[in-house]
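Shown below: data.cif, with mmCIF, C-alpha atoms and all ligand atoms.
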```cif
data_my_file
#
loop_
_atom_site.label_atom_id
_atom_site.label_comp_id
_atom_site.auth_asym_id
_atom_site.auth_seq_id
_atom_site.Cartn_x
_atom_site.Cartn_y
_atom_site.Cartn_z
CA MET M 295 -5.85 -5.70 -37.40
CA ARG M 296 -9.42 -4.56 -36.99
CA ASN M 297 -8.46 -1.61 -34.92
CA PHE M 298 -11.07 0.83 -36.05
CA THR M 299 -14.18 -1.22 -36.48
CA ASN M 300 -15.99 -3.82 -34.47
CA LEU M 301 -17.74 -6.94 -35.79
CA PHE M 302 -20.80 -4.96 -36.77
CA GLY M 303 -18.81 -2.49 -38.80
CA GLY M 304 -19.41 0.32 -36.30
CA LYS M 305 -16.71 2.50 -34.80
CA LYS M 306 -14.86 0.90 -31.92
CA LYS M 307 -15.26 2.75 -28.61
CA SER M 308 -12.24 4.86 -27.73
CA ALA M 309 -11.99 3.28 -24.26
CA THR M 310 -11.73 -0.16 -25.86
CA MET M 311 -8.99 1.07 -28.13
CA ALA M 312 -7.18 2.63 -25.17
CA LYS M 313 -7.33 -0.64 -23.28
CA GLU M 314 -6.12 -2.77 -26.18
CA ARG M 315 -3.29 -0.39 -26.98
CA LEU M 316 -2.27 -0.13 -23.34
CA ARG M 317 -2.25 -3.90 -22.94
CA LEU M 318 0.38 -4.24 -25.67
CA VAL M 319 2.37 -1.19 -24.59
CA LEU M 320 2.59 -2.43 -20.99
CA ILE M 321 3.66 -5.92 -22.05
CA HIS M 322 6.57 -4.49 -24.02
CA ASP M 323 7.43 -1.85 -21.40
CA ARG M 324 7.60 -4.49 -18.67
CA ALA M 325 9.78 -6.80 -20.70
CA SER M 326 11.92 -3.90 -22.02
CA LEU M 327 11.32 -5.45 -25.40
CA PRO M 328 10.43 -3.19 -28.30
CA PRO M 329 7.51 -4.63 -30.34
CA GLY M 330 9.66 -5.00 -33.48
CA VAL M 331 12.04 -7.38 -31.73
CA MET M 332 9.31 -10.02 -31.49
CA ASP M 333 9.41 -10.66 -35.26
CA GLN M 334 13.16 -11.00 -35.15
CA LEU M 335 12.91 -13.42 -32.22
CA ARG M 336 10.35 -15.46 -34.13
CA ASP M 337 12.56 -15.74 -37.22
CA GLU M 338 15.60 -16.72 -35.18
CA LEU M 339 13.68 -19.34 -33.23
CA ILE M 340 12.35 -20.88 -36.43
CA GLU M 341 15.85 -20.95 -37.86
CA VAL M 342 17.32 -22.78 -34.86
CA ILE M 343 14.51 -25.27 -34.53
CA SER M 344 14.40 -25.99 -38.26
CA ARG M 345 17.93 -27.33 -38.08
CA HIS M 346 16.55 -30.28 -36.15
CA ILE M 347 12.94 -30.59 -37.04
CA GLU M 348 10.73 -29.33 -39.83
CA VAL M 349 8.26 -26.75 -38.57
CA ASP M 350 5.22 -25.16 -40.17
CA ARG M 351 6.74 -21.69 -40.51
CA ASP M 352 3.55 -19.83 -41.26
CA ALA M 353 1.75 -21.22 -38.23
CA VAL M 354 4.44 -20.35 -35.67
CA ARG M 355 3.16 -17.98 -32.99
CA ILE M 356 5.25 -16.27 -30.33
CA GLU M 357 3.69 -14.00 -27.75
CA ILE M 358 4.14 -12.61 -24.29
CA VAL M 359 1.29 -13.64 -22.04
CA GLN M 360 0.42 -12.19 -18.68
CA ASP M 361 -0.47 -13.58 -15.31
CA GLY M 362 -1.09 -10.65 -12.99
CA ARG M 363 2.11 -8.64 -13.15
CA ASN M 364 4.20 -11.64 -14.24
CA GLN M 365 4.78 -12.34 -17.88
CA HIS M 366 6.09 -15.25 -19.84
CA LEU M 367 6.98 -15.97 -23.40
CA GLN M 368 4.70 -18.46 -25.04
CA ALA M 369 5.57 -20.14 -28.31
CA GLU M 370 3.39 -22.37 -30.41
CA ILE M 371 5.48 -24.16 -33.01
CA PRO M 372 3.59 -26.73 -35.07
CA ILE M 373 5.75 -29.50 -36.48
CA LYS M 374 5.26 -30.72 -40.01
CA PRO M 375 4.44 -34.42 -40.23
CA ALA M 376 7.53 -36.41 -41.10
CA ARG M 377 7.50 -37.56 -44.70
CA VAL M 378 8.42 -41.17 -44.14
CA PRO M 379 9.27 -42.77 -47.48
CA LEU M 380 7.19 -45.85 -48.33
CA THR M 381 9.26 -48.95 -48.27
CA ASP M 382 8.29 -52.50 -48.77
CA MET S 41 2.92 6.06 24.55
CA ALA S 42 5.53 5.58 21.86
CA LYS S 43 4.08 5.48 18.38
CA THR S 44 5.55 3.99 15.25
CA ALA S 45 4.35 5.94 12.27
CA ARG S 46 3.70 4.36 8.91
CA VAL S 47 5.41 6.30 6.18
CA ILE S 48 3.29 6.42 3.04
CA THR S 49 4.51 8.05 -0.17
CA ILE S 50 2.07 9.29 -2.79
CA THR S 51 3.56 9.17 -6.28
CA SER S 52 2.54 8.74 -9.93
CA GLY S 53 5.13 8.96 -12.66
CA LYS S 54 3.10 11.34 -14.79
CA GLY S 55 2.66 14.91 -13.57
CA GLY S 56 -0.60 16.60 -12.76
CA VAL S 57 -2.65 13.49 -11.97
CA GLY S 58 -3.55 14.62 -8.44
CA LYS S 59 -0.73 13.59 -6.07
CA THR S 60 -0.74 16.83 -4.11
CA THR S 61 -4.53 16.90 -3.97
CA ALA S 62 -4.54 13.29 -2.75
CA THR S 63 -1.80 13.94 -0.17
CA ALA S 64 -3.67 16.92 1.30
CA ASN S 65 -6.99 15.11 1.43
CA ILE S 66 -5.74 11.77 2.72
CA SER S 67 -3.66 13.54 5.39
CA ALA S 68 -6.59 15.71 6.49
CA ALA S 69 -8.94 12.73 6.54
CA LEU S 70 -6.51 10.62 8.58
CA ALA S 71 -6.12 13.48 11.08
CA ALA S 72 -9.89 13.92 11.25
CA LEU S 73 -10.12 10.23 12.16
CA GLY S 74 -7.98 10.98 15.21
CA ASN S 75 -4.53 10.12 13.91
CA LYS S 76 -1.44 12.24 14.42
CA VAL S 77 -0.29 13.07 10.91
CA VAL S 78 2.65 14.90 9.33
CA CYS S 79 2.68 15.50 5.63
CA ILE S 80 5.91 16.34 3.85
CA ASP S 81 6.14 18.17 0.54
CA ALA S 82 9.07 16.49 -1.24
CA ASP S 83 8.60 18.47 -4.44
CA ILE S 84 11.61 20.78 -3.94
CA GLY S 85 11.42 23.85 -6.16
CA LEU S 86 7.73 23.37 -6.93
CA ARG S 87 6.13 23.74 -3.53
CA ASN S 88 2.36 23.26 -3.63
CA LEU S 89 1.08 21.22 -0.72
CA ASP S 90 1.13 24.41 1.41
CA VAL S 91 -1.37 26.23 -0.82
CA VAL S 92 -3.61 23.20 -1.27
CA LEU S 93 -3.82 22.96 2.53
CA GLY S 94 -4.19 26.75 2.89
CA LEU S 95 -1.08 27.04 5.08
CA GLU S 96 1.16 29.12 2.81
CA ASN S 97 1.09 32.22 5.02
CA ARG S 98 2.56 30.48 8.01
CA ILE S 99 5.75 29.19 6.45
CA VAL S 100 8.94 30.34 8.11
CA TYR S 101 11.27 27.38 7.58
CA ASP S 102 11.20 24.54 5.08
CA LEU S 103 12.58 21.05 4.44
CA VAL S 104 15.90 22.34 3.11
CA ASP S 105 16.34 24.54 6.20
CA VAL S 106 15.97 21.40 8.30
CA VAL S 107 18.41 19.39 6.17
CA GLU S 108 20.99 22.18 6.18
CA GLY S 109 20.66 22.74 9.92
CA ARG S 110 19.21 26.25 9.85
CA CYS S 111 16.35 25.19 12.09
CA LYS S 112 15.11 22.33 14.21
CA LEU S 113 12.66 19.87 12.67
CA ARG S 114 9.87 21.15 14.97
CA GLN S 115 10.37 24.70 13.75
CA ALA S 116 9.63 23.68 10.16
CA MET S 117 6.41 21.89 11.11
CA ILE S 118 3.31 23.98 10.51
CA ARG S 119 0.21 23.03 12.43
CA ASP S 120 -3.02 22.99 10.45
CA LYS S 121 -5.65 25.64 11.21
CA ARG S 122 -8.53 23.18 11.41
CA LEU S 123 -7.02 19.95 12.68
CA GLU S 124 -4.73 20.06 15.68
CA ASP S 125 -3.09 16.74 14.85
CA LEU S 126 -2.16 17.64 11.28
CA TYR S 127 1.25 19.13 10.45
CA LEU S 128 2.97 20.15 7.23
CA ILE S 129 6.67 20.28 6.44
CA PRO S 130 6.83 22.48 3.34
CA ALA S 131 9.25 22.07 0.45
CA ALA S 132 11.79 24.76 -0.31
CA GLN S 133 10.68 26.94 -3.18
CA THR S 134 13.89 28.29 -4.58
CA ARG S 135 16.76 26.00 -3.75
CA ASP S 136 18.11 23.26 -5.96
CA LYS S 137 16.68 19.77 -5.84
CA ASN S 138 19.91 18.13 -4.78
CA ALA S 139 19.83 19.95 -1.45
CA VAL S 140 17.94 16.92 -0.06
CA SER S 141 19.13 13.31 -0.27
CA PRO S 142 17.31 10.01 0.29
CA LYS S 143 19.35 9.64 3.51
CA ASP S 144 18.10 13.01 4.79
CA MET S 145 14.51 11.90 4.19
CA ILE S 146 15.06 8.64 6.06
CA ARG S 147 16.64 10.51 8.99
CA ILE S 148 13.81 13.05 9.18
CA CYS S 149 11.11 10.37 9.04
CA ASP S 150 12.87 8.27 11.68
CA GLU S 151 12.89 11.28 13.97
CA LEU S 152 9.14 11.70 13.47
CA ARG S 153 8.10 8.05 13.62
CA LYS S 154 7.96 7.85 17.42
CA GLU S 155 5.44 10.64 17.79
CA TYR S 156 3.09 10.27 14.86
CA ASP S 157 0.74 7.69 13.38
CA PHE S 158 1.20 8.61 9.73
CA ILE S 159 3.83 10.42 7.70
CA ILE S 160 2.45 11.16 4.23
CA ILE S 161 4.95 12.25 1.58
CA ASP S 162 3.93 14.14 -1.56
CA SER S 163 6.29 13.02 -4.32
CA PRO S 164 7.18 15.05 -7.39
CA ALA S 165 6.39 13.62 -10.84
CA GLY S 166 9.04 11.68 -12.73
CA ILE S 167 11.70 9.24 -11.57
CA GLU S 168 14.50 11.67 -10.75
CA ARG S 169 16.13 12.66 -7.46
CA GLY S 170 12.95 14.12 -5.95
CA PHE S 171 11.09 10.86 -6.55
CA LYS S 172 13.95 8.85 -5.05
CA ASN S 173 13.92 11.13 -2.00
CA ALA S 174 10.21 10.64 -1.62
CA ILE S 175 10.23 6.84 -1.75
CA ALA S 176 13.43 6.26 0.28
CA PRO S 177 11.76 6.42 3.73
CA ALA S 178 8.45 4.85 2.60
CA ASP S 179 6.93 1.77 4.19
CA GLU S 180 4.12 1.82 1.64
CA ILE S 181 3.57 3.44 -1.73
CA VAL S 182 0.31 4.80 -3.09
CA ILE S 183 0.21 5.44 -6.83
CA VAL S 184 -2.24 8.00 -8.17
CA THR S 185 -3.33 7.65 -11.77
CA ASN S 186 -6.01 8.96 -14.12
CA PRO S 187 -8.06 6.74 -16.45
CA GLU S 188 -6.00 7.82 -19.41
CA VAL S 189 -3.32 6.05 -21.50
CA SER S 190 -0.20 8.00 -20.59
CA ALA S 191 -1.01 8.18 -16.87
CA VAL S 192 -1.68 4.43 -16.74
CA ARG S 193 1.48 3.65 -18.68
CA ASP S 194 3.60 5.77 -16.32
CA ALA S 195 1.87 4.26 -13.29
CA ASP S 196 2.86 0.81 -14.54
CA ARG S 197 6.46 1.93 -14.84
CA ILE S 198 6.45 3.25 -11.27
CA ILE S 199 4.77 0.09 -9.94
CA GLY S 200 7.64 -1.89 -11.49
CA ILE S 201 10.29 0.39 -9.96
CA VAL S 202 8.64 0.25 -6.55
CA GLU S 203 8.55 -3.55 -6.72
CA ALA S 204 12.19 -3.77 -7.79
CA ASP S 205 13.04 -1.46 -4.89
CA GLN S 206 11.34 -3.85 -2.41
CA LYS S 207 8.74 -1.23 -1.50
CA GLY S 208 5.86 -3.01 -3.19
CA PRO S 209 3.25 -4.00 -3.82
CA ALA S 210 2.04 -0.46 -4.45
CA LYS S 211 -1.59 0.50 -3.90
CA LEU S 212 -3.64 2.39 -6.44
CA VAL S 213 -5.89 5.45 -6.37
CA ILE S 214 -7.72 6.14 -9.62
CA ASN S 215 -8.46 9.86 -9.69
CA ARG S 216 -10.71 11.91 -11.99
CA ILE S 217 -13.10 9.19 -13.08
CA ASN S 218 -15.94 10.63 -15.14
CA MET S 219 -18.81 8.13 -15.10
CA GLU S 220 -20.64 9.70 -18.03
CA MET S 221 -17.59 9.22 -20.21
CA VAL S 222 -17.07 5.68 -18.93
CA GLU S 223 -20.67 4.81 -19.74
CA ARG S 224 -20.30 6.31 -23.21
CA GLY S 225 -17.25 4.11 -23.77
CA ASP S 226 -14.94 7.08 -23.96
CA MET S 227 -13.01 6.58 -20.72
CA LEU S 228 -11.22 3.56 -19.29
CA ALA S 229 -13.35 2.06 -16.53
CA VAL S 230 -11.96 1.28 -13.09
CA ALA S 231 -12.03 -2.43 -13.93
CA ASP S 232 -9.99 -1.83 -17.10
CA VAL S 233 -7.27 0.07 -15.24
CA LEU S 234 -7.12 -2.58 -12.53
CA GLU S 235 -6.91 -5.39 -15.03
CA LEU S 236 -4.02 -3.64 -16.80
CA LEU S 237 -2.05 -2.68 -13.70
CA ALA S 238 -2.86 -5.70 -11.48
CA VAL S 239 -2.36 -3.98 -8.13
CA GLU S 240 -4.59 -3.44 -5.12
CA LEU S 241 -7.13 -0.64 -5.47
CA ILE S 242 -7.59 1.65 -2.47
CA GLY S 243 -9.51 4.54 -3.97
CA ILE S 244 -11.77 5.74 -6.74
CA VAL S 245 -12.12 9.52 -6.86
CA PRO S 246 -14.53 11.17 -9.29
CA GLU S 247 -13.68 14.09 -11.55
CA ASP S 248 -15.25 17.00 -9.69
CA GLN S 249 -15.07 20.78 -10.20
CA ALA S 250 -15.47 21.17 -6.45
CA VAL S 251 -11.85 19.99 -6.09
CA LEU S 252 -10.70 23.20 -7.78
CA VAL S 253 -13.04 25.27 -5.63
CA SER S 254 -11.70 23.72 -2.44
CA THR S 255 -8.15 24.27 -3.65
CA ASN S 256 -9.00 27.93 -4.32
CA ARG S 257 -10.06 28.17 -0.70
CA GLY S 258 -7.16 26.17 0.69
CA ALA S 259 -9.57 23.79 2.43
CA PRO S 260 -9.34 20.07 1.57
CA ILE S 261 -12.57 18.66 0.16
CA ALA S 262 -12.16 15.63 2.46
CA LEU S 263 -13.33 17.91 5.28
CA GLU S 264 -16.65 18.66 3.56
CA PRO S 265 -19.05 16.11 5.05
CA LYS S 266 -21.58 16.23 2.20
CA SER S 267 -19.17 16.00 -0.71
CA LYS S 268 -19.06 12.67 -2.58
CA THR S 269 -15.51 13.40 -3.64
CA GLY S 270 -14.66 14.23 -0.04
CA GLN S 271 -16.17 10.88 0.91
CA ALA S 272 -14.01 9.14 -1.70
CA PHE S 273 -10.87 10.61 -0.09
CA ARG S 274 -12.12 9.78 3.41
CA ASP S 275 -12.62 6.19 2.23
CA VAL S 276 -9.01 6.04 1.01
CA ALA S 277 -7.86 7.23 4.44
CA ARG S 278 -9.96 4.62 6.23
CA ARG S 279 -8.66 1.85 3.99
CA LEU S 280 -5.09 2.98 4.67
CA ALA S 281 -5.90 2.95 8.37
CA GLY S 282 -6.87 -0.71 8.00
CA GLU S 283 -10.65 -0.54 7.77
CA GLU S 284 -12.56 -2.59 5.20
CA VAL S 285 -14.57 -0.05 3.26
CA ALA S 286 -16.74 -1.18 0.36
CA PHE S 287 -16.43 0.63 -2.94
CA SER S 288 -19.74 2.35 -3.51
CA THR S 289 -21.13 2.21 -7.02
CA ALA S 290 -21.70 5.97 -6.90
CA ASN S 291 -17.96 6.47 -6.75
CA GLY S 292 -17.34 5.22 -10.24
CA GLY S 293 -17.91 1.51 -10.07
CA GLY S 294 -21.01 1.86 -12.21
CA ASN S 295 -21.99 -1.21 -14.17
CA PHE S 296 -18.54 -2.56 -13.70
CA PHE S 297 -18.88 -2.92 -9.98
CA GLY S 298 -19.22 -6.69 -10.09
CA ARG S 299 -16.05 -7.00 -12.08
CA ILE S 300 -14.23 -4.61 -9.76
CA SER S 301 -14.82 -6.61 -6.62
CA LYS S 302 -13.04 -9.53 -8.25
CA LEU S 303 -10.16 -7.39 -9.34
CA ILE S 304 -9.54 -5.33 -6.22
CA ARG S 305 -7.24 -7.86 -4.62
CA PRO S 306 -5.21 -9.62 -7.24
CA LYS S 307 -4.03 -13.01 -6.10
CA ALA S 308 -0.80 -13.00 -4.13
CA GLY S 309 2.38 -13.28 -6.12
CA SER S 310 0.76 -12.34 -9.38
N1 LIG M 401 -10.71 14.58 -8.73
C1 LIG M 401 -10.43 15.75 -9.34
N2 LIG M 401 -11.39 16.42 -10.00
C2 LIG M 401 -11.08 17.60 -10.61
N3 LIG M 401 -9.89 18.18 -10.60
C3 LIG M 401 -8.89 17.55 -9.96
C4 LIG M 401 -9.10 16.31 -9.29
N4 LIG M 401 -7.92 15.93 -8.73
C5 LIG M 401 -7.02 16.88 -9.03
N5 LIG M 401 -7.59 17.87 -9.76
C6 LIG M 401 -6.92 19.07 -10.29
O1 LIG M 401 -5.85 18.68 -11.12
C7 LIG M 401 -4.77 19.59 -11.02
C8 LIG M 401 -3.50 18.84 -10.67
O2 LIG M 401 -3.62 18.30 -9.37
P1 LIG M 401 -2.38 18.15 -8.39
O3 LIG M 401 -1.62 19.41 -8.29
O4 LIG M 401 -2.87 17.53 -7.15
O5 LIG M 401 -1.51 17.09 -9.23
P2 LIG M 401 -0.03 16.59 -8.97
O6 LIG M 401 0.00 15.16 -9.40
O7 LIG M 401 0.38 16.90 -7.59
O8 LIG M 401 0.79 17.50 -9.99
P3 LIG M 401 2.39 17.65 -10.08
O9 LIG M 401 2.88 16.43 -10.80
O10 LIG M 401 2.60 18.90 -10.87
O11 LIG M 401 2.91 17.73 -8.68
C9 LIG M 401 -5.18 20.61 -9.96
O12 LIG M 401 -5.66 21.74 -10.62
C10 LIG M 401 -6.28 19.92 -9.20
O13 LIG M 401 -7.21 20.83 -8.67
MG MG M 402 2.13 17.94 -6.86
#
```
Have the structure of the file written as C-alpha cells, please.
Ligand SMILES: Nc1ncnc2c1ncn2[C@@H]1O[C@H](COP(=O)(O)OP(=O)(O)OP(=O)(O)O)[C@@H](O)[C@H]1O
Ligand SMILES: [Mg+2]
Amino acid sequence: MRNFTNLFGGKKKSATMAKERLRLVLIHDRASLPPGVMDQLRDELIEVISRHIEVDRDAVRIEIVQDGRNQHLQAEIPIKPARVPLTD
Amino acid sequence: MAKTARVITITSGKGGVGKTTATANISAALAALGNKVVCIDADIGLRNLDVVLGLENRIVYDLVDVVEGRCKLRQAMIRDKRLEDLYLIPAAQTRDKNAVSPKDMIRICDELRKEYDFIIIDSPAGIERGFKNAIAPADEIVIVTNPEVSAVRDADRIIGIVEADQKGPAKLVINRINMEMVERGDMLAVADVLELLAVELIGIVPEDQAVLVSTNRGAPIALEPKSKTGQAFRDVARRLAGEEVAFSTANGGGNFFGRISKLIRPKAGS
C-alpha cells in the first residue's frame, strides 16, 4: 500500500489519509466484519469453487463495495482455461 | 388552534462534538422564526443545556421531578429570557440515569405536542440508556459530527442504529469546519464527510471562537444577527422548518461547493 506517499513521491495529505482510512473502517463497521476475516473468506471461497472448476488463485479478488449506505460483496474469480487434451 | 409538534433529537455518538451547542442554537433560531419551541435536556447527570442558554438560575424543577411526579410538566418548563416562545426542560443534575425511561420521554413529548411546533431533545453521547431515552419520542434525528475520523466513525454507527430503529434517515450537521485546514488538506472537507456517511446534509457550522464567548455569556450565537456562525445555525433551523436554503460557500463549502450540491441529497434508498 502506498499509504504515505503520492505518485510524485510527496507526502500524502492527512485529510486524504483520513478519508481513505475511514472508507475502509466504515465498510467493515457496517458489515460487522473485521478486516482480517476477508482473507479467510477469500481462501474458503477459492477452496469451494476449486472443487468444481479450476480458478486462477492469485487473481481472485473479493471486496465489499458501496452504493450509498448499502453494501454488497463483490467477487472476481477468473477461471483458468480448461486444458483440453489434443485428440485426433 | 391545535398544533402537532415535530420532535427532533440531536445526537452524535461521540461526545463533545457540539450537540448541546446545536440544540440551544437551533431551538433559539426556530423560536426567533416565530415557532413555539420546547427544548429538553436528556443528558441526566450532566446537565448543560441550561447554562448554554443562560437559564441556570431559574431552575426549580427538572425532568426527573416531572417523571417522578414531584411537579407538573408546566412547572419544570423554564421560559427563555429573550424569546417568549422558547422553553427549556432541564435535566436532573444529581439523580441516576435510570430515573427516566423511553416511555416517560414519549409520554412527556405527547403531552407537549398539541401546544408546540418543535420539541428539540439534546441527547447525551454514547448509545446507552440516555441515548435511547432521547431517540424514543423522536420523529426525526439530527446527527452532529466534526470533520474528524472518530467523530465520523461514531456518526456512521449512530446513523445505522437510527435506521434500524425506523427513525431514519438521519440528517447531518457538520460542526467545527476550519476552512484553512481544509484548504491545506489537513481536514476532511464537507464533501468527503458526506460521501462517507451518505445522508442528507442540513448544516455546515464553522469552527469559531465566538461560540465559546457566547456560551460564556449564556446567549446563543444564533441570536447575533451579524455572526456567520449564527447564520449557519439559523440556516439549519430554516431547513428544519422546511425552507430551501442554499449552502453558502462562506460556510465551509469552499472549492468543494460544486461537489457538495451533488452530494447533499443522496438518491432515495441508497
Ligand atoms: N462551531 C464551534 N466552534 C468552536 N467551538 C465549538 C463549536 N461548537 C461547539 N464548540 C465547543 O465545543 C465544546 C463542546 O460542545 P458541546 O457541549 O455543545 O458538545 P456536546 O456534543 O453537547 O458534548 P457532550 O457529549 O459532552 O454532551 C464546547 O466548549 C463548545 O463551546
Ligand atoms: Mg451535551
**OP:** Excluding region 365-368 of chain M and residues on its chain fewer than 5 positions from it, collect all residues at most 8 Å away from it, counting only C-alpha atoms, and give them as a list of chain:residue names.
**Re:** M:Ile321, M:Ala325, M:Ile356, M:Glu357, M:Ile358, M:Val359, M:Gln360
Subject >> Expected selection as a list in words for ligand LIG 401 (chain M) within 6 Å, only C-alpha atoms and all ligand atoms >> reply: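 What falls inside 6 Å of ligand LIG 401 (chain M) is Gly55, Gly56, Val57, Gly58, Lys59, Thr60, Thr61, Pro164, Ala165, Asn215, Arg216, Val245, Pro246, Glu247, Asp248, Gln249, Val251 and Leu252 of chain S.
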**OP:** Tell me the residues of chain S close to chain M, meaning within 7 Å using only C-alpha atoms, as a list in words.
**Re:** Val189, Arg193, Gly225, Asp226, Met227, Leu228, Asp232, Leu236, Ala238 and Ser310 of chain S
Original post:
Interatomic distance between CA of Gly330 (chain M) and CA of Asp352 (chain M)?
Top reply: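 It comes out at 17.8 Å.
Atom pair CA of Arg110 (chain S) / CA of Ala82 (chain S): separated by 17.9 Å.
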Can I get the residues close to ligand MG 402 (chain M) as a PDB file with C-alpha atoms, in the coordinates of the input, where close means within 12 Å and we count only C-alpha atoms and all ligand atoms?
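Resulting contents of part-v5.pdb:
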```
ATOM      1  CA  ILE S  50       2.070   9.290  -2.790  1.00  0.00           C
ATOM      2  CA  THR S  51       3.560   9.170  -6.280  1.00  0.00           C
ATOM      3  CA  SER S  52       2.540   8.740  -9.930  1.00  0.00           C
ATOM      4  CA  GLY S  53       5.130   8.960 -12.660  1.00  0.00           C
ATOM      5  CA  LYS S  54       3.100  11.340 -14.790  1.00  0.00           C
ATOM      6  CA  GLY S  55       2.660  14.910 -13.570  1.00  0.00           C
ATOM      7  CA  GLY S  56      -0.600  16.600 -12.760  1.00  0.00           C
ATOM      8  CA  VAL S  57      -2.650  13.490 -11.970  1.00  0.00           C
ATOM      9  CA  GLY S  58      -3.550  14.620  -8.440  1.00  0.00           C
ATOM     10  CA  LYS S  59      -0.730  13.590  -6.070  1.00  0.00           C
ATOM     11  CA  THR S  60      -0.740  16.830  -4.110  1.00  0.00           C
ATOM     12  CA  THR S  61      -4.530  16.900  -3.970  1.00  0.00           C
ATOM     13  CA  ALA S  62      -4.540  13.290  -2.750  1.00  0.00           C
ATOM     14  CA  THR S  63      -1.800  13.940  -0.170  1.00  0.00           C
ATOM     15  CA  ALA S  64      -3.670  16.920   1.300  1.00  0.00           C
ATOM     16  CA  ILE S  80       5.910  16.340   3.850  1.00  0.00           C
ATOM     17  CA  ASP S  81       6.140  18.170   0.540  1.00  0.00           C
ATOM     18  CA  ALA S  82       9.070  16.490  -1.240  1.00  0.00           C
ATOM     19  CA  ASP S  83       8.600  18.470  -4.440  1.00  0.00           C
ATOM     20  CA  ILE S  84      11.610  20.780  -3.940  1.00  0.00           C
ATOM     21  CA  GLY S  85      11.420  23.850  -6.160  1.00  0.00           C
ATOM     22  CA  LEU S  86       7.730  23.370  -6.930  1.00  0.00           C
ATOM     23  CA  ARG S  87       6.130  23.740  -3.530  1.00  0.00           C
ATOM     24  CA  ASN S  88       2.360  23.260  -3.630  1.00  0.00           C
ATOM     25  CA  LEU S  89       1.080  21.220  -0.720  1.00  0.00           C
ATOM     26  CA  ASP S  90       1.130  24.410   1.410  1.00  0.00           C
ATOM     27  CA  VAL S  91      -1.370  26.230  -0.820  1.00  0.00           C
ATOM     28  CA  VAL S  92      -3.610  23.200  -1.270  1.00  0.00           C
ATOM     29  CA  ALA S 131       9.250  22.070   0.450  1.00  0.00           C
ATOM     30  CA  ILE S 161       4.950  12.250   1.580  1.00  0.00           C
ATOM     31  CA  ASP S 162       3.930  14.140  -1.560  1.00  0.00           C
ATOM     32  CA  SER S 163       6.290  13.020  -4.320  1.00  0.00           C
ATOM     33  CA  PRO S 164       7.180  15.050  -7.390  1.00  0.00           C
ATOM     34  CA  ALA S 165       6.390  13.620 -10.840  1.00  0.00           C
ATOM     35  CA  GLY S 166       9.040  11.680 -12.730  1.00  0.00           C
ATOM     36  CA  GLY S 170      12.950  14.120  -5.950  1.00  0.00           C
ATOM     37  CA  PHE S 171      11.090  10.860  -6.550  1.00  0.00           C
ATOM     38  CA  VAL S 184      -2.240   8.000  -8.170  1.00  0.00           C
TER      39      VAL S 184
END
```
Subject >> Interatomic distance, CA of Asn186 (chain S) to CA of Arg274 (chain S) (Å, one decimal) >> reply: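 It comes out at 18.6 Å.
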Subject >> Neighbours of point (-1.7, 8.4, 12.4) within 8 Å, using all atoms listed in the file, written as number ranges by chain >> reply: S: 45-46, 70-71, 74-77, 156-159, 281
**OP:** Tell me which protein, DNA and RNA residues are within 12 Å of Arg351 (chain M), counting all atoms listed in the file, leaving out same-chain ones fewer than 4 positions away, and put them as a list in words.
**Re:** Arg336, Asp337, Glu338, Leu339, Ile340, Glu341, Ile343, Ser344, Ile347, Arg355, Ile356, Glu370, Ile371, Pro372, Ile373 and Lys374 of chain M
**OP:** Excluding Arg169 (chain S) and residues on its chain fewer than 4 positions from it, collect all residues at most 8 Å away from it, counting all atoms listed in the file, and give them as a ChimeraX atom specification.
**Re:** /S:137-138,141,173
**OP:** Check the smallest atom-to-atom distance from each of S:Ile66, S:Ile181, S:Ile146, S:Ala272 to Ile199 (chain S) using only C-alpha atoms, then report the winner.
**Re:**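 Smallest separation from Ile199 (chain S) among the options: S:Ile181.
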**OP:** Show me as a list in words the residues that reach within 10 Å of (12.0, 23.1, 7.5), counting only C-alpha atoms and using the file's own coordinates.
**Re:**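 Output of the proximity query reads Ile80, Ile99, Val100, Tyr101, Asp102, Leu103, Val104, Asp105, Val106, Val107, Glu108, Gly109, Arg110, Cys111, Lys112, Leu113, Arg114, Gln115, Ala116, Met117, Ile118, Leu128, Ile129, Pro130, Ala131 and Ala132 of chain S.
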Edge lengths and centre, in Å to one decimal, as JSON: that's what I need for the box along x, y and z that holds all listed atoms of region 192-198 of chain S plus 6 Å on each side.
```
{"center_x": 2.4, "center_y": 3.3, "center_z": -15.0, "size_x": 20.1, "size_y": 17.0, "size_z": 19.4}
```
